[in-house]
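**Student:** Input file: work17.cif. Contents: mmCIF, C-alpha atoms.
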data_target
#
loop_
_atom_site.label_atom_id
_atom_site.label_comp_id
_atom_site.auth_asym_id
_atom_site.auth_seq_id
_atom_site.Cartn_x
_atom_site.Cartn_y
_atom_site.Cartn_z
CA THR A 17 0.00 0.00 0.00
CA ASP A 18 1.18 3.49 -0.79
CA THR A 19 -0.04 6.95 -1.74
CA VAL A 20 0.30 8.94 -4.95
CA GLU A 21 0.22 12.70 -4.70
CA GLY A 22 -1.28 15.13 -7.14
CA THR A 23 -0.39 18.73 -6.39
CA LYS A 24 1.11 19.44 -2.95
CA GLY A 25 -1.53 19.81 -0.27
CA GLY A 26 -4.30 18.47 -2.49
CA LYS A 27 -6.11 15.16 -2.77
CA VAL A 28 -4.10 11.93 -2.96
CA LEU A 29 -4.65 8.39 -4.16
CA HIS A 30 -4.29 5.59 -1.64
CA THR A 31 -3.10 2.61 -3.66
CA ILE A 32 -3.17 -1.09 -2.87
CA PHE A 33 -1.29 -3.61 -4.99
CA TRP A 34 -1.20 -7.40 -5.26
CA ARG A 35 2.19 -8.35 -6.70
CA LYS A 36 1.29 -11.82 -7.97
CA GLU A 37 -1.68 -10.56 -10.00
CA ASP A 38 -0.19 -7.10 -10.76
CA LEU A 39 -3.58 -5.82 -9.57
CA LEU A 40 -3.96 -2.22 -8.47
CA LEU A 41 -6.68 -0.47 -6.47
CA ALA A 42 -6.84 3.27 -5.78
CA PHE A 43 -8.98 5.32 -3.44
CA LEU A 44 -9.29 9.09 -3.55
CA LEU A 45 -8.53 10.76 -0.21
CA ASP A 46 -8.80 14.42 0.75
CA SER A 47 -5.30 14.43 2.23
CA LYS A 48 -2.32 12.28 3.11
CA GLU A 49 -3.48 11.65 6.68
CA MET A 50 -3.59 8.32 8.45
CA SER A 51 -7.32 8.56 9.12
CA GLY A 52 -7.89 8.30 5.36
CA THR A 53 -5.67 5.29 4.75
CA VAL A 54 -7.03 3.45 7.79
CA GLY A 55 -10.54 4.34 6.60
CA THR A 56 -9.83 2.65 3.27
CA PHE A 57 -9.09 -0.64 5.03
CA ASP A 58 -12.07 -0.25 7.36
CA ARG A 59 -14.40 0.19 4.36
CA LEU A 60 -12.84 -2.75 2.53
CA GLU A 61 -13.29 -4.97 5.58
CA GLU A 62 -16.92 -3.85 5.83
CA LYS A 63 -17.58 -4.66 2.15
CA LEU A 64 -15.70 -7.96 2.08
CA GLY A 65 -16.37 -9.28 5.58
CA ILE A 66 -13.56 -10.09 8.02
CA GLU A 67 -12.80 -13.58 6.65
CA LYS A 68 -12.47 -12.51 3.00
CA PHE A 69 -10.53 -9.43 4.12
CA ARG A 70 -8.04 -11.64 5.96
CA GLU A 71 -7.74 -13.88 2.90
CA LEU A 72 -7.06 -10.95 0.55
CA PHE A 73 -4.92 -8.95 2.99
CA PRO A 74 -2.91 -11.41 5.10
CA LEU A 75 -0.20 -8.76 5.29
CA ILE A 76 0.36 -5.18 4.25
CA LEU A 77 3.75 -3.92 3.09
CA THR A 78 4.22 -0.17 3.08
CA ASP A 79 6.73 2.61 3.63
CA ASN A 80 7.26 4.69 6.73
CA GLY A 81 5.04 7.55 5.61
CA MET A 82 2.98 9.40 8.20
CA GLU A 83 -0.19 8.00 6.62
CA PHE A 84 0.83 4.49 7.82
CA ALA A 85 2.40 5.44 11.17
CA ASP A 86 0.24 3.48 13.64
CA PRO A 87 0.33 -0.25 12.79
CA GLU A 88 -2.42 -1.21 15.25
CA LEU A 89 -5.00 0.88 13.41
CA PHE A 90 -4.33 -1.19 10.29
CA GLU A 91 -3.84 -4.58 11.94
CA TYR A 92 -7.01 -4.52 14.04
CA SER A 93 -10.58 -3.96 12.94
CA LYS A 94 -12.94 -1.57 14.73
CA THR A 95 -14.18 -4.57 16.75
CA GLY A 96 -10.66 -5.27 18.01
CA GLU A 97 -10.15 -8.42 15.92
CA ARG A 98 -6.82 -8.90 14.21
CA ARG A 99 -7.41 -8.55 10.49
CA THR A 100 -3.89 -8.34 9.03
CA LYS A 101 -0.22 -7.71 9.80
CA ILE A 102 1.66 -4.65 8.61
CA TYR A 103 5.33 -4.55 7.64
CA TYR A 104 7.43 -1.54 6.76
CA CYS A 105 10.14 -1.17 4.14
CA GLU A 106 13.50 0.16 5.21
CA PRO A 107 13.74 3.95 4.91
CA ARG A 108 14.77 5.14 1.43
CA HIS A 109 14.43 1.64 -0.04
CA SER A 110 11.47 1.98 -2.41
CA GLU A 111 12.85 -1.01 -4.36
CA GLN A 112 11.49 -3.19 -1.55
CA LYS A 113 8.04 -2.42 -2.95
CA GLY A 114 9.04 -2.02 -6.57
CA GLY A 115 5.86 -3.63 -7.93
CA ILE A 116 3.61 -0.87 -6.63
CA GLU A 117 6.03 1.79 -7.85
CA LYS A 118 5.86 0.25 -11.34
CA ALA A 119 2.05 0.11 -11.11
CA HIS A 120 2.01 3.82 -10.30
CA GLU A 121 3.49 4.43 -13.77
CA TYR A 122 0.13 3.34 -15.22
CA ILE A 123 -1.60 6.00 -13.10
CA ARG A 124 0.83 8.58 -14.49
CA TYR A 125 -0.13 7.69 -18.07
CA VAL A 126 -3.63 8.95 -17.22
CA LEU A 127 -2.75 11.53 -14.55
CA PRO A 128 0.69 12.94 -15.45
CA LYS A 129 2.99 14.14 -12.66
CA GLY A 130 1.92 17.61 -11.58
CA SER A 131 -1.77 16.91 -12.25
CA THR A 132 -4.19 17.95 -9.56
CA PHE A 133 -6.46 15.25 -8.19
CA ASP A 134 -8.78 17.82 -6.61
CA GLN A 135 -11.42 17.63 -9.38
CA LEU A 136 -11.45 13.83 -9.46
CA THR A 137 -14.24 11.68 -8.06
CA GLN A 138 -13.90 8.12 -6.80
CA GLU A 139 -15.95 7.04 -9.83
CA LYS A 140 -13.34 8.54 -12.19
CA VAL A 141 -10.52 6.94 -10.19
CA GLN A 142 -12.31 3.59 -10.40
CA LEU A 143 -12.72 3.99 -14.15
CA MET A 144 -8.97 4.57 -14.47
CA ILE A 145 -8.19 1.56 -12.27
CA ASN A 146 -10.48 -0.67 -14.33
CA HIS A 147 -8.66 0.39 -17.50
CA ILE A 148 -5.26 -0.19 -15.85
CA ASN A 149 -6.24 -3.65 -14.60
CA SER A 150 -7.67 -4.58 -18.01
CA THR A 151 -4.30 -3.97 -19.70
CA ALA A 152 -2.35 -7.12 -20.60
CA ARG A 153 1.09 -7.37 -18.99
CA PRO A 154 4.17 -8.95 -20.58
CA GLY A 155 5.31 -10.00 -17.08
CA LEU A 156 2.07 -11.98 -16.70
CA GLY A 157 2.52 -13.83 -19.99
CA GLY A 158 0.09 -11.49 -21.74
CA MET A 159 -2.61 -11.98 -19.09
CA ARG A 160 -4.55 -9.10 -17.56
CA PRO A 161 -4.57 -8.40 -13.82
CA ILE A 162 -8.38 -8.41 -13.77
CA ASP A 163 -8.49 -11.95 -15.17
CA LEU A 164 -6.02 -13.21 -12.60
CA ALA A 165 -7.99 -11.51 -9.82
CA LEU A 166 -11.21 -13.16 -10.99
CA GLN A 167 -9.45 -16.55 -10.89
CA ARG A 168 -7.84 -16.04 -7.49
CA PHE A 169 -10.32 -13.90 -5.56
CA GLY A 170 -13.61 -14.88 -7.19
CA LYS A 171 -16.22 -12.78 -8.97
CA ASP A 172 -17.99 -11.67 -5.78
CA ALA A 173 -14.82 -10.28 -4.16
CA VAL A 174 -13.71 -8.61 -7.40
CA GLU A 175 -17.08 -6.86 -7.66
CA LYS A 176 -16.92 -5.79 -4.00
CA LEU A 177 -13.51 -4.27 -4.75
CA GLY A 178 -15.27 -2.19 -7.40
CA LEU A 179 -13.48 -3.84 -10.31
CA ARG A 180 -14.90 -4.61 -13.71
CA VAL A 181 -13.49 -5.83 -17.00
CA ILE A 182 -12.85 -3.38 -19.84
CA SER A 183 -12.58 -5.01 -23.26
CA PRO A 184 -9.09 -4.75 -24.78
CA ASP A 185 -10.24 -2.57 -27.68
CA GLU A 186 -11.77 -0.05 -25.24
CA VAL A 187 -8.79 0.32 -22.86
CA ASN A 188 -7.59 3.92 -22.68
CA LEU A 189 -4.53 4.88 -20.65
CA THR A 190 -4.35 8.55 -21.63
CA PRO A 191 -5.48 11.78 -19.91
CA LYS A 192 -8.50 11.77 -22.24
CA LEU A 193 -9.99 9.01 -20.06
CA MET A 194 -10.63 11.55 -17.29
CA LYS A 195 -12.49 14.01 -19.54
#
Take the structure I supplied and represent it as structure tokens, if you would.
**Tutor:**
Amino acid sequence: TDTVEGTKGGKVLHTIFWRKEDLLLAFLLDSKEMSGTVGTFDRLEEKLGIEKFRELFPLILTDNGMEFADPELFEYSKTGERRTKIYYCEPRHSEQKGGIEKAHEYIRYVLPKGSTFDQLTQEKVQLMINHINSTARPGLGGMRPIDLALQRFGKDAVEKLGLRVISPDEVNLTPKLMK
């Protein structure tokens, strides 16, 4: 898990990445505060249920950013049940989570560096994520992350994550997608 910034002080994207599937999620947050990133996981647990949440998120790997500072808020649900374990990369070692950094490049095709996220809606972010996850990857033998997620997580979980398939001839990874 990580965050992608638009313009300084503006809205950010909280990203979640599954390395094996090359699957990316993104959630629009008003700021880079821990309440937002914890809230993302609380909402996902609510949608998925605690058991499916634990299956999909047995561990969380992140950096030492302030938005991930209190591990207990991530590891335990609002009811006090353990839902996951969080691990932190070493400071200044972004290569320890290189997969998510590479996935962020897809976001930058649509939202170039320096773009503001302030006019975005979660629906627009989800549209972008669906296009990103419907793009075949050479590293996956030409498979698409969405197809691997459907196989591994099941249709119900994929739908609860807000994901849907975009046909290959409709995939758009340009700024025009957000218009």
**Student:** Can you tell me how far CA of Arg153 in chain A sits from CA of Val181 in chain A, in Å to one decimal?
**Tutor:** 14.8 Å
**Student:** Counting all atoms listed in the file, figure out which residue out of A:Val126, A:Met82, A:Leu136, A:Ile148 gets nearest to Leu44 in chain A.
**Tutor:**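 Closest candidate: A:Leu136.
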**Student:** Of the candidates A:His109, A:Lys140, A:Lys176, A:Arg35, which shows the shortest atom-to-atom distance to Phe69 in chain A, using all atoms listed in the file?
**Tutor:** A:Lys176
**Student:** Show me the residues around (7.3, -8.6, -5.4) - criterion: an atom at most 10 Å away, only C-alpha atoms counted - as a ChimeraX atom specification.
**Tutor:** /A:33-36,38,111-116
**Student:** What lies within 8 Å of Pro191 in chain A using all atoms listed in the file, ignoring chain neighbours under 6 positions off, as a list of chain:residue names?
**Tutor:** A:Tyr125, A:Val126, A:Leu127, A:Pro128
**Student:** With only C-alpha atoms counted, which protein, DNA or RNA residues have an atom no more than 9 Å from (1.7, -1.6, 3.9) in the file frame? Please answer as an MDAnalysis selection string.
**Tutor:** chainID A and resid 17:18 32 75:80 84 90 101:105
**Student:** Would you mind exporting C-alpha atoms of the selected residues as a tab-separated table (two decimals), in the frame of the given file?
**Tutor:**
chain	number	residue	atom	x	y	z
A	17	THR	CA	0.00	0.00	0.00
A	18	ASP	CA	1.18	3.49	-0.79
A	32	ILE	CA	-3.17	-1.09	-2.87
A	75	LEU	CA	-0.20	-8.76	5.29
A	76	ILE	CA	0.36	-5.18	4.25
A	77	LEU	CA	3.75	-3.92	3.09
A	78	THR	CA	4.22	-0.17	3.08
A	79	ASP	CA	6.73	2.61	3.63
A	80	ASN	CA	7.26	4.69	6.73
A	84	PHE	CA	0.83	4.49	7.82
A	90	PHE	CA	-4.33	-1.19	10.29
A	101	LYS	CA	-0.22	-7.71	9.80
A	102	ILE	CA	1.66	-4.65	8.61
A	103	TYR	CA	5.33	-4.55	7.64
A	104	TYR	CA	7.43	-1.54	6.76
A	105	CYS	CA	10.14	-1.17	4.14
